[in-house]
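K.L.:
coords_19.tsv is reproduced below (TSV, C-alpha atoms).
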chain	number	residue	atom	x	y	z
A	1	MET	CA	5.76	-12.04	-21.14
A	2	THR	CA	9.33	-11.59	-19.99
A	3	ALA	CA	12.02	-14.02	-20.94
A	4	GLU	CA	12.26	-15.03	-17.27
A	5	ALA	CA	8.56	-15.86	-17.10
A	6	ALA	CA	8.97	-18.03	-20.16
A	7	LYS	CA	11.66	-20.00	-18.36
A	8	ILE	CA	9.19	-21.06	-15.68
A	9	SER	CA	7.11	-23.14	-18.04
A	10	PRO	CA	6.84	-23.49	-21.80
A	11	PRO	CA	4.53	-20.77	-23.16
A	12	PRO	CA	1.65	-20.11	-23.21
A	13	LEU	CA	0.91	-19.75	-19.47
A	14	GLY	CA	-2.59	-20.86	-18.51
A	15	ASP	CA	-4.91	-18.48	-16.68
A	16	ILE	CA	-6.34	-18.54	-13.21
A	17	SER	CA	-9.20	-16.34	-12.14
A	18	ARG	CA	-9.49	-14.18	-9.04
A	19	GLU	CA	-12.51	-16.19	-7.93
A	20	GLU	CA	-10.57	-19.41	-8.02
A	21	ILE	CA	-7.71	-17.94	-6.03
A	22	LEU	CA	-10.17	-16.46	-3.52
A	23	SER	CA	-11.88	-19.78	-2.99
A	24	ARG	CA	-8.56	-21.57	-2.66
A	25	LEU	CA	-6.80	-19.14	-0.33
A	26	HIS	CA	-6.68	-21.80	2.38
A	27	ASP	CA	-5.90	-24.65	0.03
A	28	PRO	CA	-2.34	-25.86	0.67
A	29	SER	CA	-2.16	-27.56	-2.69
A	30	LEU	CA	-2.12	-24.19	-4.48
A	31	THR	CA	1.04	-22.11	-4.09
A	32	ILE	CA	0.59	-18.43	-4.85
A	33	VAL	CA	3.74	-16.66	-6.01
A	34	ASP	CA	4.24	-12.89	-6.08
A	35	VAL	CA	6.93	-12.02	-8.61
A	36	LEU	CA	7.09	-8.33	-7.74
A	37	PRO	CA	10.04	-6.78	-5.88
A	38	SER	CA	10.05	-7.33	-2.13
A	39	SER	CA	9.10	-3.72	-1.38
A	40	SER	CA	5.87	-4.15	-3.30
A	41	TYR	CA	5.30	-7.52	-1.62
A	42	GLU	CA	5.64	-5.93	1.83
A	43	ALA	CA	3.22	-3.15	0.93
A	44	GLY	CA	0.54	-5.69	0.16
A	45	HIS	CA	0.18	-9.16	-1.27
A	46	ILE	CA	-2.41	-11.89	-1.61
A	47	PRO	CA	-2.63	-13.70	1.76
A	48	GLY	CA	-0.46	-16.79	1.76
A	49	ALA	CA	1.52	-15.74	-1.31
A	50	ILE	CA	5.27	-16.22	-1.28
A	51	ASN	CA	7.61	-13.62	-2.70
A	52	LEU	CA	9.88	-14.66	-5.55
A	53	PRO	CA	11.00	-11.58	-7.51
A	54	VAL	CA	11.53	-12.23	-11.19
A	55	ALA	CA	15.24	-11.55	-10.95
A	56	GLU	CA	15.69	-14.21	-8.27
A	57	ILE	CA	13.64	-16.93	-9.90
A	58	GLU	CA	16.65	-18.89	-11.12
A	59	GLN	CA	18.47	-18.82	-7.81
A	60	ARG	CA	15.65	-19.32	-5.34
A	61	ALA	CA	12.99	-21.24	-7.21
A	62	ALA	CA	14.37	-24.62	-6.24
A	63	ALA	CA	14.42	-23.66	-2.56
A	64	LEU	CA	11.02	-21.99	-2.42
A	65	LEU	CA	9.18	-24.24	-4.84
A	66	PRO	CA	10.66	-27.70	-4.45
A	67	ASP	CA	7.91	-29.59	-6.21
A	68	PRO	CA	7.89	-29.12	-10.00
A	69	ALA	CA	4.45	-30.67	-10.32
A	70	ALA	CA	2.85	-28.47	-7.63
A	71	GLU	CA	0.06	-26.17	-8.65
A	72	ILE	CA	1.41	-22.64	-8.81
A	73	ALA	CA	-0.36	-19.35	-9.44
A	74	VAL	CA	1.86	-16.39	-10.32
A	75	TYR	CA	0.87	-12.75	-10.32
A	76	CYS	CA	2.43	-9.33	-10.69
A	77	ALA	CA	1.21	-5.73	-10.65
A	78	LYS	CA	-1.09	-5.11	-13.60
A	79	PHE	CA	-2.78	-1.76	-13.17
A	80	THR	CA	-6.41	-1.56	-14.14
B	1	MET	CA	12.72	-24.81	-15.19
B	2	GLY	CA	10.61	-27.90	-15.15
B	3	TYR	CA	7.50	-26.56	-13.46
B	4	THR	CA	4.57	-28.15	-15.18
B	5	ASN	CA	1.53	-26.69	-13.50
B	6	VAL	CA	1.86	-22.91	-13.47
B	7	ARG	CA	-0.93	-20.51	-14.19
B	8	HIS	CA	-0.97	-16.74	-14.43
B	9	TYR	CA	-3.41	-14.47	-12.61
B	10	HIS	CA	-3.63	-11.66	-15.14
B	11	GLY	CA	-5.40	-9.18	-12.90
B	12	GLY	CA	-2.43	-9.00	-10.58
B	13	ILE	CA	-2.38	-7.26	-7.25
B	14	ALA	CA	-4.21	-4.25	-8.69
B	15	ASP	CA	-7.29	-6.22	-9.64
B	16	TRP	CA	-7.13	-8.12	-6.33
B	17	GLU	CA	-7.13	-4.95	-4.25
B	18	GLN	CA	-9.81	-3.30	-6.34
B	19	SER	CA	-12.17	-6.19	-5.85
B	20	GLY	CA	-11.83	-5.79	-2.10
B	21	ALA	CA	-10.26	-9.18	-1.55
B	22	PRO	CA	-8.17	-9.62	1.62
B	23	ILE	CA	-4.64	-8.29	1.62
B	24	GLN	CA	-1.72	-9.40	3.72
B	25	MET	CA	1.15	-7.07	4.53
B	26	GLY	CA	4.65	-7.43	5.88
B	27	PRO	CA	7.85	-9.19	4.86
B	28	ALA	CA	8.03	-12.81	3.76
B	29	GLN	CA	8.07	-15.42	6.52
B	30	VAL	CA	10.99	-17.82	6.87
B	31	SER	CA	8.98	-20.70	5.46
B	32	ALA	CA	6.03	-20.52	3.11
B	33	ALA	CA	3.50	-19.82	5.86
B	34	PRO	CA	-0.07	-21.11	5.63
B	35	PRO	CA	-2.54	-18.33	4.79
B	36	SER	CA	-3.81	-16.39	7.77
B	37	ALA	CA	-7.52	-16.06	8.47
B	38	THR	CA	-9.26	-13.77	5.99
B	39	VAL	CA	-9.63	-10.22	7.20
B	40	PRO	CA	-12.10	-7.53	6.09
B	41	PRO	CA	-10.87	-5.55	3.09
B	42	SER	CA	-10.30	-2.30	4.96
B	43	ALA	CA	-8.21	-3.81	7.78
B	44	THR	CA	-4.46	-4.21	7.43
B	45	VAL	CA	-3.54	-6.55	10.27
B	46	PRO	CA	-0.01	-7.98	10.49
B	47	PRO	CA	0.02	-11.66	9.41
B	48	ALA	CA	-0.57	-14.31	12.04
B	49	VAL	CA	2.89	-15.69	12.77
B	50	GLY	CA	4.14	-19.04	13.90
B	51	GLU	CA	6.96	-19.87	16.24
B	52	ALA	CA	9.42	-17.05	15.62
B	53	ALA	CA	6.90	-14.27	16.38
B	54	PRO	CA	8.60	-10.89	16.80
B	55	LEU	CA	7.85	-9.14	20.09
B	56	LEU	CA	5.86	-6.33	18.50
B	57	THR	CA	3.46	-8.73	16.83
B	58	ARG	CA	2.95	-10.57	20.10
B	59	VAL	CA	2.13	-7.32	21.88
B	60	THR	CA	-0.16	-6.25	19.02
B	61	GLY	CA	-1.79	-9.67	19.23
B	62	VAL	CA	-2.61	-9.01	22.87
B	63	VAL	CA	-4.08	-5.60	22.10
B	64	HIS	CA	-6.18	-7.03	19.31
B	65	GLN	CA	-7.72	-9.49	21.68
B	66	TRP	CA	-9.38	-6.57	23.45
B	67	SER	CA	-11.75	-6.66	20.54
B	68	TRP	CA	-14.77	-4.78	21.82
B	69	GLY	CA	-12.68	-1.73	22.69
B	70	SER	CA	-10.83	-1.54	19.42
B	71	ARG	CA	-13.98	-2.37	17.50
B	72	LEU	CA	-15.77	0.53	19.20
B	73	ILE	CA	-12.93	2.89	18.31
B	74	GLU	CA	-12.98	1.66	14.74
B	75	LEU	CA	-16.74	2.19	14.64
B	76	ILE	CA	-16.36	5.80	15.73
B	77	ASP	CA	-13.46	6.31	13.37
B	78	THR	CA	-15.39	5.22	10.31
B	79	GLN	CA	-18.34	7.56	10.87
B	80	SER	CA	-18.47	10.87	9.11
B	81	THR	CA	-18.28	14.08	11.12
B	82	SER	CA	-21.88	15.09	10.55
B	83	ARG	CA	-23.15	11.60	11.31
B	84	LEU	CA	-21.32	11.55	14.61
B	85	PHE	CA	-22.67	15.00	15.49
B	86	LEU	CA	-26.25	13.95	14.70
B	87	PHE	CA	-25.77	10.83	16.79
B	88	TRP	CA	-24.57	13.00	19.66
B	89	LEU	CA	-27.63	15.24	19.33
B	90	ALA	CA	-29.97	12.26	19.12
B	91	MET	CA	-28.36	10.84	22.25
B	92	ALA	CA	-28.99	14.09	24.12
B	93	LEU	CA	-32.66	14.07	23.07
B	94	ALA	CA	-33.05	10.42	24.02
B	95	PHE	CA	-31.62	11.06	27.47
B	96	GLY	CA	-34.01	13.97	27.83
B	97	LEU	CA	-36.91	11.62	27.24
B	98	LEU	CA	-35.45	9.20	29.75
B	99	TYR	CA	-35.27	11.86	32.45
B	100	TRP	CA	-38.84	12.83	31.69
B	101	THR	CA	-40.10	9.26	32.06
B	102	ALA	CA	-37.91	8.72	35.10
B	103	GLY	CA	-39.80	11.58	36.64
B	104	LEU	CA	-42.89	9.40	36.68
B	105	LEU	CA	-41.19	7.19	39.25
B	106	HIS	CA	-41.06	8.39	42.78
B	107	HIS	CA	-37.85	10.25	43.73
B	108	SER	CA	-36.18	9.42	40.46
B	109	GLY	CA	-36.67	12.44	38.27
B	110	LEU	CA	-35.39	15.95	37.99
B	111	TYR	CA	-35.92	18.66	40.58
B	112	GLU	CA	-36.08	22.36	39.94
B	113	GLU	CA	-36.01	24.67	42.95
B	114	GLY	CA	-37.13	21.85	45.14
B	115	ARG	CA	-40.17	21.00	42.99
B	116	ARG	CA	-40.33	17.76	41.12
B	117	LEU	CA	-40.63	17.84	37.33
B	118	ASP	CA	-43.64	15.84	36.26
B	119	GLY	CA	-45.00	14.32	33.09
B	120	SER	CA	-46.31	17.61	31.75
B	121	LEU	CA	-45.03	19.54	28.72
B	122	HIS	CA	-43.09	21.83	31.03
B	123	GLY	CA	-41.50	18.74	32.49
B	124	LEU	CA	-40.47	17.50	29.09
B	125	VAL	CA	-38.93	20.83	28.07
B	126	SER	CA	-37.01	21.02	31.33
B	127	ALA	CA	-35.81	17.46	30.88
B	128	LEU	CA	-34.49	18.24	27.40
B	129	TYR	CA	-32.88	21.40	28.71
B	130	PHE	CA	-31.19	19.46	31.51
B	131	SER	CA	-30.04	16.82	29.05
B	132	LEU	CA	-28.36	19.33	26.76
B	133	VAL	CA	-26.80	21.18	29.69
B	134	THR	CA	-25.40	17.88	30.96
B	135	VAL	CA	-24.16	16.47	27.65
B	136	THR	CA	-22.19	19.62	26.89
B	137	SER	CA	-20.77	19.40	30.44
B	138	VAL	CA	-22.06	22.88	31.21
B	139	GLY	CA	-24.09	21.84	34.26
B	140	TYR	CA	-25.74	25.10	35.36
B	141	GLY	CA	-27.14	23.50	38.46
B	142	ASP	CA	-30.60	24.99	38.19
B	143	VAL	CA	-32.13	21.59	37.49
B	144	LEU	CA	-30.88	18.71	39.61
B	145	PRO	CA	-31.21	14.93	39.19
B	146	ARG	CA	-32.29	12.44	41.85
B	147	GLY	CA	-32.29	8.67	42.07
B	148	ILE	CA	-32.05	6.93	38.73
B	149	SER	CA	-31.65	10.25	36.97
B	150	ARG	CA	-28.32	10.68	38.71
B	151	GLY	CA	-27.00	7.49	37.12
B	152	LEU	CA	-28.36	8.54	33.75
B	153	ALA	CA	-26.78	11.98	34.11
B	154	VAL	CA	-23.36	10.50	34.85
B	155	VAL	CA	-23.50	8.19	31.85
B	156	GLU	CA	-24.70	11.04	29.64
B	157	ALA	CA	-21.96	13.39	30.82
B	158	VAL	CA	-19.14	10.93	30.13
B	159	SER	CA	-20.31	9.68	26.76
B	160	GLY	CA	-21.31	13.16	25.64
B	161	LEU	CA	-17.83	14.42	26.37
B	162	LEU	CA	-16.13	11.54	24.56
B	163	ILE	CA	-18.27	11.68	21.47
B	164	PHE	CA	-18.22	15.45	21.20
B	165	GLY	CA	-14.45	15.28	21.56
B	166	ALA	CA	-14.38	12.81	18.67
B	167	VAL	CA	-16.54	15.14	16.59
B	168	ILE	CA	-14.20	18.08	17.12
B	169	SER	CA	-11.06	16.10	16.42
B	170	LYS	CA	-12.56	14.66	13.24
B	171	PHE	CA	-13.48	18.14	12.13
B	172	VAL	CA	-9.94	19.37	12.67
B	173	SER	CA	-8.31	16.38	11.03
B	174	ARG	CA	-10.37	16.76	7.87
B	175	ARG	CA	-8.29	19.69	6.85
B	176	GLN	CA	-5.15	17.81	7.83
B	177	ASP	CA	-6.10	14.85	5.64
B	178	GLN	CA	-6.61	17.16	2.70
B	179	VAL	CA	-3.18	18.65	3.22
B	180	VAL	CA	-1.54	15.22	3.51
B	181	THR	CA	-3.14	14.03	0.29
B	182	GLU	CA	-1.96	17.15	-1.47
B	183	ILE	CA	1.58	16.65	-0.16
B	184	HIS	CA	1.62	13.06	-1.42
B	185	ARG	CA	0.49	14.17	-4.84
B	186	ILE	CA	3.11	16.88	-5.06
B	187	THR	CA	5.88	14.56	-3.87
B	188	TYR	CA	4.90	11.97	-6.46
B	189	GLU	CA	4.95	14.49	-9.28
B	190	GLU	CA	8.29	15.87	-8.15
B	191	ARG	CA	9.71	12.39	-8.07
B	192	ILE	CA	8.66	11.73	-11.62
B	193	ASP	CA	10.17	15.03	-12.72
B	194	ARG	CA	13.40	14.14	-10.99
B	195	ILE	CA	13.55	10.80	-12.77
B	196	LEU	CA	13.29	12.47	-16.15
B	197	THR	CA	15.92	15.05	-15.26
B	198	ASN	CA	18.30	12.43	-13.91
B	199	LEU	CA	17.85	10.15	-16.89
B	200	HIS	CA	18.69	13.07	-19.13
B	201	MET	CA	21.80	13.76	-17.07
B	202	VAL	CA	22.82	10.10	-17.29
B	203	LEU	CA	22.36	10.24	-21.02
B	204	SER	CA	24.55	13.32	-21.51
B	205	GLU	CA	27.24	11.93	-19.23
B	206	LEU	CA	27.26	8.69	-21.19
B	207	GLN	CA	27.53	10.61	-24.44
B	208	TRP	CA	30.53	12.50	-23.08
B	209	VAL	CA	32.16	9.25	-21.96
B	210	GLY	CA	31.53	7.64	-25.35
B	211	MET	CA	33.03	10.63	-27.12
B	212	MET	CA	36.06	10.70	-24.82
B	213	PHE	CA	36.65	7.01	-25.37
B	214	SER	CA	36.45	7.12	-29.13
B	215	GLU	CA	38.48	10.30	-29.53
B	216	ARG	CA	40.91	9.32	-26.78
B	217	ARG	CA	41.12	12.88	-25.57
B	218	ALA	CA	41.61	12.12	-21.89
B	219	PRO	CA	43.33	9.46	-19.78
B	220	VAL	CA	41.32	6.25	-19.72
B	221	GLU	CA	41.22	6.06	-15.92
B	222	ARG	CA	39.48	9.41	-15.63
B	223	ILE	CA	36.91	8.50	-18.25
B	224	SER	CA	36.31	5.14	-16.57
B	225	ALA	CA	35.76	6.82	-13.23
B	226	ARG	CA	33.15	9.08	-14.82
B	227	LEU	CA	31.52	6.06	-16.44
B	228	ASP	CA	31.41	4.16	-13.15
B	229	SER	CA	29.68	6.92	-11.25
B	230	THR	CA	27.23	7.57	-14.07
B	231	VAL	CA	26.15	3.95	-14.23
B	232	LEU	CA	25.70	3.95	-10.45
B	233	VAL	CA	23.33	6.89	-10.77
B	234	PHE	CA	21.57	5.07	-13.60
B	235	ALA	CA	21.00	2.06	-11.34
B	236	THR	CA	19.54	4.25	-8.61
B	237	GLU	CA	17.15	5.89	-11.03
B	238	LEU	CA	16.06	2.49	-12.26
B	239	ARG	CA	15.25	1.44	-8.73
B	240	THR	CA	13.06	4.51	-8.32
B	241	ILE	CA	11.34	3.80	-11.64
B	242	HIS	CA	10.64	0.29	-10.48
B	243	TYR	CA	9.23	1.51	-7.23
B	244	LEU	CA	6.90	3.90	-9.04
B	245	LEU	CA	5.79	1.48	-11.71
B	246	TYR	CA	5.07	-1.38	-9.35
B	247	ARG	CA	2.74	0.50	-7.04
B	248	PRO	CA	-0.60	-0.69	-8.37
B	249	GLN	CA	-2.62	2.05	-6.69
B	250	GLN	CA	-0.94	4.86	-8.52
B	251	ALA	CA	0.00	4.32	-12.13
B	252	PRO	CA	1.58	7.32	-13.84
B	253	GLU	CA	-0.48	8.85	-16.61
B	254	GLU	CA	0.17	7.63	-20.10
B	255	PRO	CA	2.22	10.59	-21.44
B	256	VAL	CA	4.32	10.58	-18.30
B	257	MET	CA	4.92	6.87	-18.56
B	258	ALA	CA	5.76	7.21	-22.24
B	259	ALA	CA	8.29	9.94	-21.41
B	260	ILE	CA	9.94	7.80	-18.74
B	261	LEU	CA	10.16	4.75	-20.95
B	262	ALA	CA	11.48	6.74	-23.91
B	263	ALA	CA	14.12	8.40	-21.74
B	264	LEU	CA	15.06	5.03	-20.32
B	265	ALA	CA	15.37	3.47	-23.77
B	266	SER	CA	17.57	6.35	-24.96
B	267	ALA	CA	19.77	6.13	-21.92
B	268	LEU	CA	20.17	2.38	-22.38
B	269	ASN	CA	20.99	2.86	-26.05
B	270	THR	CA	23.63	5.42	-25.20
B	271	LEU	CA	25.03	3.14	-22.52
B	272	GLU	CA	25.39	0.34	-25.02
B	273	ASP	CA	27.14	2.61	-27.53
B	274	CYS	CA	29.39	3.90	-24.80
B	275	LEU	CA	30.42	0.43	-23.68
B	276	ARG	CA	31.20	-0.48	-27.26
B	277	ALA	CA	33.38	2.60	-27.61
B	278	ALA	CA	35.50	1.64	-24.61
B	279	PRO	CA	39.04	0.59	-25.51
B	280	ASP	CA	39.36	-3.18	-25.63
B	281	GLY	CA	42.43	-3.57	-23.46
B	282	HIS	CA	41.02	-1.66	-20.49
B	283	PRO	CA	39.33	-3.93	-17.90
B	284	ARG	CA	36.03	-2.96	-16.31
B	285	SER	CA	36.19	-2.09	-12.64
B	286	PRO	CA	34.21	-4.35	-10.27
B	287	VAL	CA	32.05	-1.35	-9.39
B	288	LEU	CA	31.12	-0.95	-13.03
B	289	THR	CA	30.48	-4.65	-13.56
B	290	HIS	CA	28.17	-4.83	-10.57
B	291	ALA	CA	26.35	-1.64	-11.51
B	292	LEU	CA	25.86	-2.88	-15.08
B	293	LYS	CA	24.42	-6.11	-13.79
B	294	THR	CA	21.97	-4.18	-11.60
B	295	VAL	CA	20.96	-1.94	-14.48
B	296	SER	CA	20.41	-4.90	-16.77
B	297	GLN	CA	18.39	-6.78	-14.17
B	298	LEU	CA	16.16	-3.85	-13.27
B	299	ALA	CA	15.60	-2.84	-16.86
B	300	GLY	CA	14.83	-6.40	-17.82
B	301	ASP	CA	12.28	-6.64	-15.03
B	302	ILE	CA	10.10	-3.92	-16.46
B	303	CYS	CA	7.35	-6.16	-17.54
B	304	ALA	CA	5.17	-5.55	-20.56
B	305	THR	CA	2.11	-7.15	-19.01
B	306	CYS	CA	2.06	-4.48	-16.33
B	307	VAL	CA	1.25	-1.65	-18.68
B	308	PRO	CA	-2.32	-0.44	-18.08
B	309	ALA	CA	-4.65	-1.97	-20.60
B	310	GLY	CA	-5.85	1.34	-22.03
B	311	TYR	CA	-2.40	2.69	-22.80
B	312	ALA	CA	-1.02	2.86	-26.31
B	313	PRO	CA	0.74	-0.23	-27.61
B	314	ALA	CA	3.71	2.06	-28.24
B	315	LEU	CA	4.50	1.74	-24.54
B	316	ALA	CA	4.82	-2.01	-24.88
B	317	VAL	CA	7.17	-1.43	-27.80
B	318	TRP	CA	9.39	0.76	-25.62
B	319	MET	CA	9.42	-1.93	-22.98
B	320	ASP	CA	10.45	-4.58	-25.44
B	321	GLU	CA	13.30	-2.43	-26.65
B	322	ILE	CA	14.39	-1.83	-23.07
B	323	HIS	CA	14.34	-5.56	-22.52
B	324	ALA	CA	16.39	-6.27	-25.59
B	325	ILE	CA	19.14	-3.82	-24.67
B	326	ALA	CA	19.11	-4.96	-21.06
B	327	GLY	CA	19.77	-8.50	-22.22
B	328	ARG	CA	22.74	-7.39	-24.28
B	329	ILE	CA	24.30	-5.32	-21.53
B	330	GLY	CA	24.04	-7.70	-18.57
Could you express the structure from this file as structure tokens?

P.N.:
Amino acid sequence: MTAEAAKISPPPLGDISREEILSRLHDPSLTIVDVLPSSSYEAGHIPGAINLPVAEIEQRAAALLPDPAAEIAVYCAKFT
Amino acid sequence: MGYTNVRHYHGGIADWEQSGAPIQMGPAQVSAAPPSATVPPSATVPPAVGEAAPLLTRVTGVVHQWSWGSRLIELIDTQSTSRLFLFWLAMALAFGLLYWTAGLLHHSGLYEEGRRLDGSLHGLVSALYFSLVTVTSVGYGDVLPRGISRGLAVVEAVSGLLIFGAVISKFVSRRQDQVVTEIHRITYEERIDRILTNLHMVLSELQWVGMMFSERRAPVERISARLDSTVLVFATELRTIHYLLYRPQQAPEEPVMAAILAALASALNTLEDCLRAAPDGHPRSPVLTHALKTVSQLAGDICATCVPAGYAPALAVWMDEIHAIAGRIG
């Protein structure tokens, strides 16, 4: 995990499965965050995900994710 | 940062796409928009927008409401060439049967030289013949339709033309698609080659700069200028590397990836040495400071969890080293 990812929450980061995200796509209580660069975000992202590139986490996190207790799911590229 | 309820989806966008789950495209909305309605995996529709809808999306929205038309086109598009051709043939045969049965009704069948075609075998053969002549828009005029058959003939002529046109265009575009795929592959490989070449160039330039600094063989301003432009090139290459690495559909092969990461680590090492060799009194230009920040950010963003699972752990080691140096530079 990058140092930036570790700043989001104290390690280790819990896991969320694809099935859970799929079933909760329309659930406003789950915020999905795409930490890839904006070009990758524009090429394709999980519906409803917001774009917060890793480099901008410190500056924009407070604006985009105002609630520290909100449920957040982060994802990046991860080839198979 | 105080967020208490964060979880990580390890599969990432690659796993998501592979499983066929819905994908949304396009730039981020002004506010965190609610998810749009789920779309079928193959479709890539622009996201449903709220108040500030750009004109293009509004126009596209109107077109998409004409759903039966676009759905029909999509249906034809997704068929294979041979399937479409067989469908066209089957349609011609079906119409032939229809003409034959229409002949059983009074004044509604086909007429050849003034004589009506009846329900006999000869009638059937003539009906099939007429159908094929009509669907290929040949229309000899030796067999003529009357009554209901006229309506059938018109419908057959129009749809036969459209579908056969689709068959031909699909056939032609098959070769085109092959060529396009080949071009993409070649471009991708050339890009990777260029990255390696450019990283090597950056490395040798940085070595020169480091040597010039430590041996003080040239005026500092000239060396600094060379350093500035080299780091700018370095930043550009890093952006390209990022772009290539973060496209989940097309991961570079392991040896290629290893080569890129090794070259990147070497270049970063040399950059660090070079910066250390710079004379203390001489201030860094704003260009250099900004470029260094970019380099450090981009290098630091290369994330170890994004390495394909099957690749050697050595790659992760490279990435960690890249991280470490990036932290020290920025």

K.L.:
Calculated over only C-alpha atoms, which of the candidates B:Asp193, B:Glu272, B:Asp77, B:Asp15 has the smallest distance to Phe171 of chain B?

P.N.:
B:Asp77

K.L.:
Would you compute an axis-aligned box for segment 17-21 of chain A, covering every atom listed for it in the file with 5 Å of margin on each side, and report centre and edge lengths in Å to one decimal as AutoDock Vina command-line options?

P.N.:
--center_x -10.1 --center_y -16.8 --center_z -9.1 --size_x 14.8 --size_y 15.2 --size_z 16.1

K.L.:
Separation of atom CA of Trp88 of chain B and atom CA of Val135 of chain B, in Å?

P.N.:
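Between these atoms lies a distance of 8.7 Å.
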
K.L.:
Quick one, how far is atom CA of Ser214 of chain B from atom CA of Ala277 of chain B?

P.N.:
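Straight-line distance from atom CA of Ser214 of chain B to atom CA of Ala277 of chain B works out to 5.7 Å.
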
K.L.:
Do a neighbour search on Pro68 of chain A at 8 Å with all atoms listed in the file, toss out local chain neighbours closer than 2 positions, and write the hits as an NGL selection string.

P.N.:
(:A and (65-66 or 70)) or (:B and (2-5))

K.L.:
Can you list, as a VMD selection string, every protein, DNA or RNA residue that comes within 9 Å of segment 105-111 of chain B when you count all atoms listed in the file, leaving out same-chain residues fewer than 2 positions away?

P.N.:
chain B and resid 99 to 103 113 to 118 123 126 to 127 130 142 to 150

K.L.:
Restricted to C-alpha atoms, what would the selected residues look like written as a PDB file, in the frame of the given file?

P.N.:
ATOM      1  CA  TYR B  99     -35.270  11.860  32.450  1.00  0.00           C
ATOM      2  CA  TRP B 100     -38.840  12.830  31.690  1.00  0.00           C
ATOM      3  CA  THR B 101     -40.100   9.260  32.060  1.00  0.00           C
ATOM      4  CA  ALA B 102     -37.910   8.720  35.100  1.00  0.00           C
ATOM      5  CA  GLY B 103     -39.800  11.580  36.640  1.00  0.00           C
ATOM      6  CA  GLU B 113     -36.010  24.670  42.950  1.00  0.00           C
ATOM      7  CA  GLY B 114     -37.130  21.850  45.140  1.00  0.00           C
ATOM      8  CA  ARG B 115     -40.170  21.000  42.990  1.00  0.00           C
ATOM      9  CA  ARG B 116     -40.330  17.760  41.120  1.00  0.00           C
ATOM     10  CA  LEU B 117     -40.630  17.840  37.330  1.00  0.00           C
ATOM     11  CA  ASP B 118     -43.640  15.840  36.260  1.00  0.00           C
ATOM     12  CA  GLY B 123     -41.500  18.740  32.490  1.00  0.00           C
ATOM     13  CA  SER B 126     -37.010  21.020  31.330  1.00  0.00           C
ATOM     14  CA  ALA B 127     -35.810  17.460  30.880  1.00  0.00           C
ATOM     15  CA  PHE B 130     -31.190  19.460  31.510  1.00  0.00           C
ATOM     16  CA  ASP B 142     -30.600  24.990  38.190  1.00  0.00           C
ATOM     17  CA  VAL B 143     -32.130  21.590  37.490  1.00  0.00           C
ATOM     18  CA  LEU B 144     -30.880  18.710  39.610  1.00  0.00           C
ATOM     19  CA  PRO B 145     -31.210  14.930  39.190  1.00  0.00           C
ATOM     20  CA  ARG B 146     -32.290  12.440  41.850  1.00  0.00           C
ATOM     21  CA  GLY B 147     -32.290   8.670  42.070  1.00  0.00           C
ATOM     22  CA  ILE B 148     -32.050   6.930  38.730  1.00  0.00           C
ATOM     23  CA  SER B 149     -31.650  10.250  36.970  1.00  0.00           C
ATOM     24  CA  ARG B 150     -28.320  10.680  38.710  1.00  0.00           C
TER      25      ARG B 150
END

K.L.:
I'd like the neighbourhood of Ile46 of chain A as a ChimeraX atom specification, where a residue qualifies if any of its atoms comes within 10 Å (using only C-alpha atoms), though same-chain residues fewer than 5 positions away should be ignored.

P.N.:
/A:21-22,25,32-34,41,75 /B:12-13,16-17,21-25,35

K.L.:
Considering all atoms listed in the file, state which residue in the set A:Leu30, A:Ala69, A:Val35, A:Ala63 is at the smallest distance from Gly48 of chain A.

P.N.:
A:Leu30

K.L.:
If we count only C-alpha atoms, what is near Ile168 of chain B at a cut-off of 12 Å, once residues fewer than 6 positions away on the same chain are taken out, given as a VMD selection string?

P.N.:
chain B and resid 80 to 82 84 to 85 88 161 to 162 174 to 175

K.L.:
Taking the point (12.2, 5.5, -19.1) as given in the file, collect each protein or nucleic acid residue that comes within 9 Å of it, counting only C-alpha atoms, and present the set as a ChimeraX atom specification.

P.N.:
/B:195-196,199,238,241,257-267,318-319,322

K.L.:
Report, in Å to a single decimal, how far apart atom CA of Asp273 of chain B and atom CA of Ile325 of chain B are.

P.N.:
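Distance between the two atoms: 10.7 Å.
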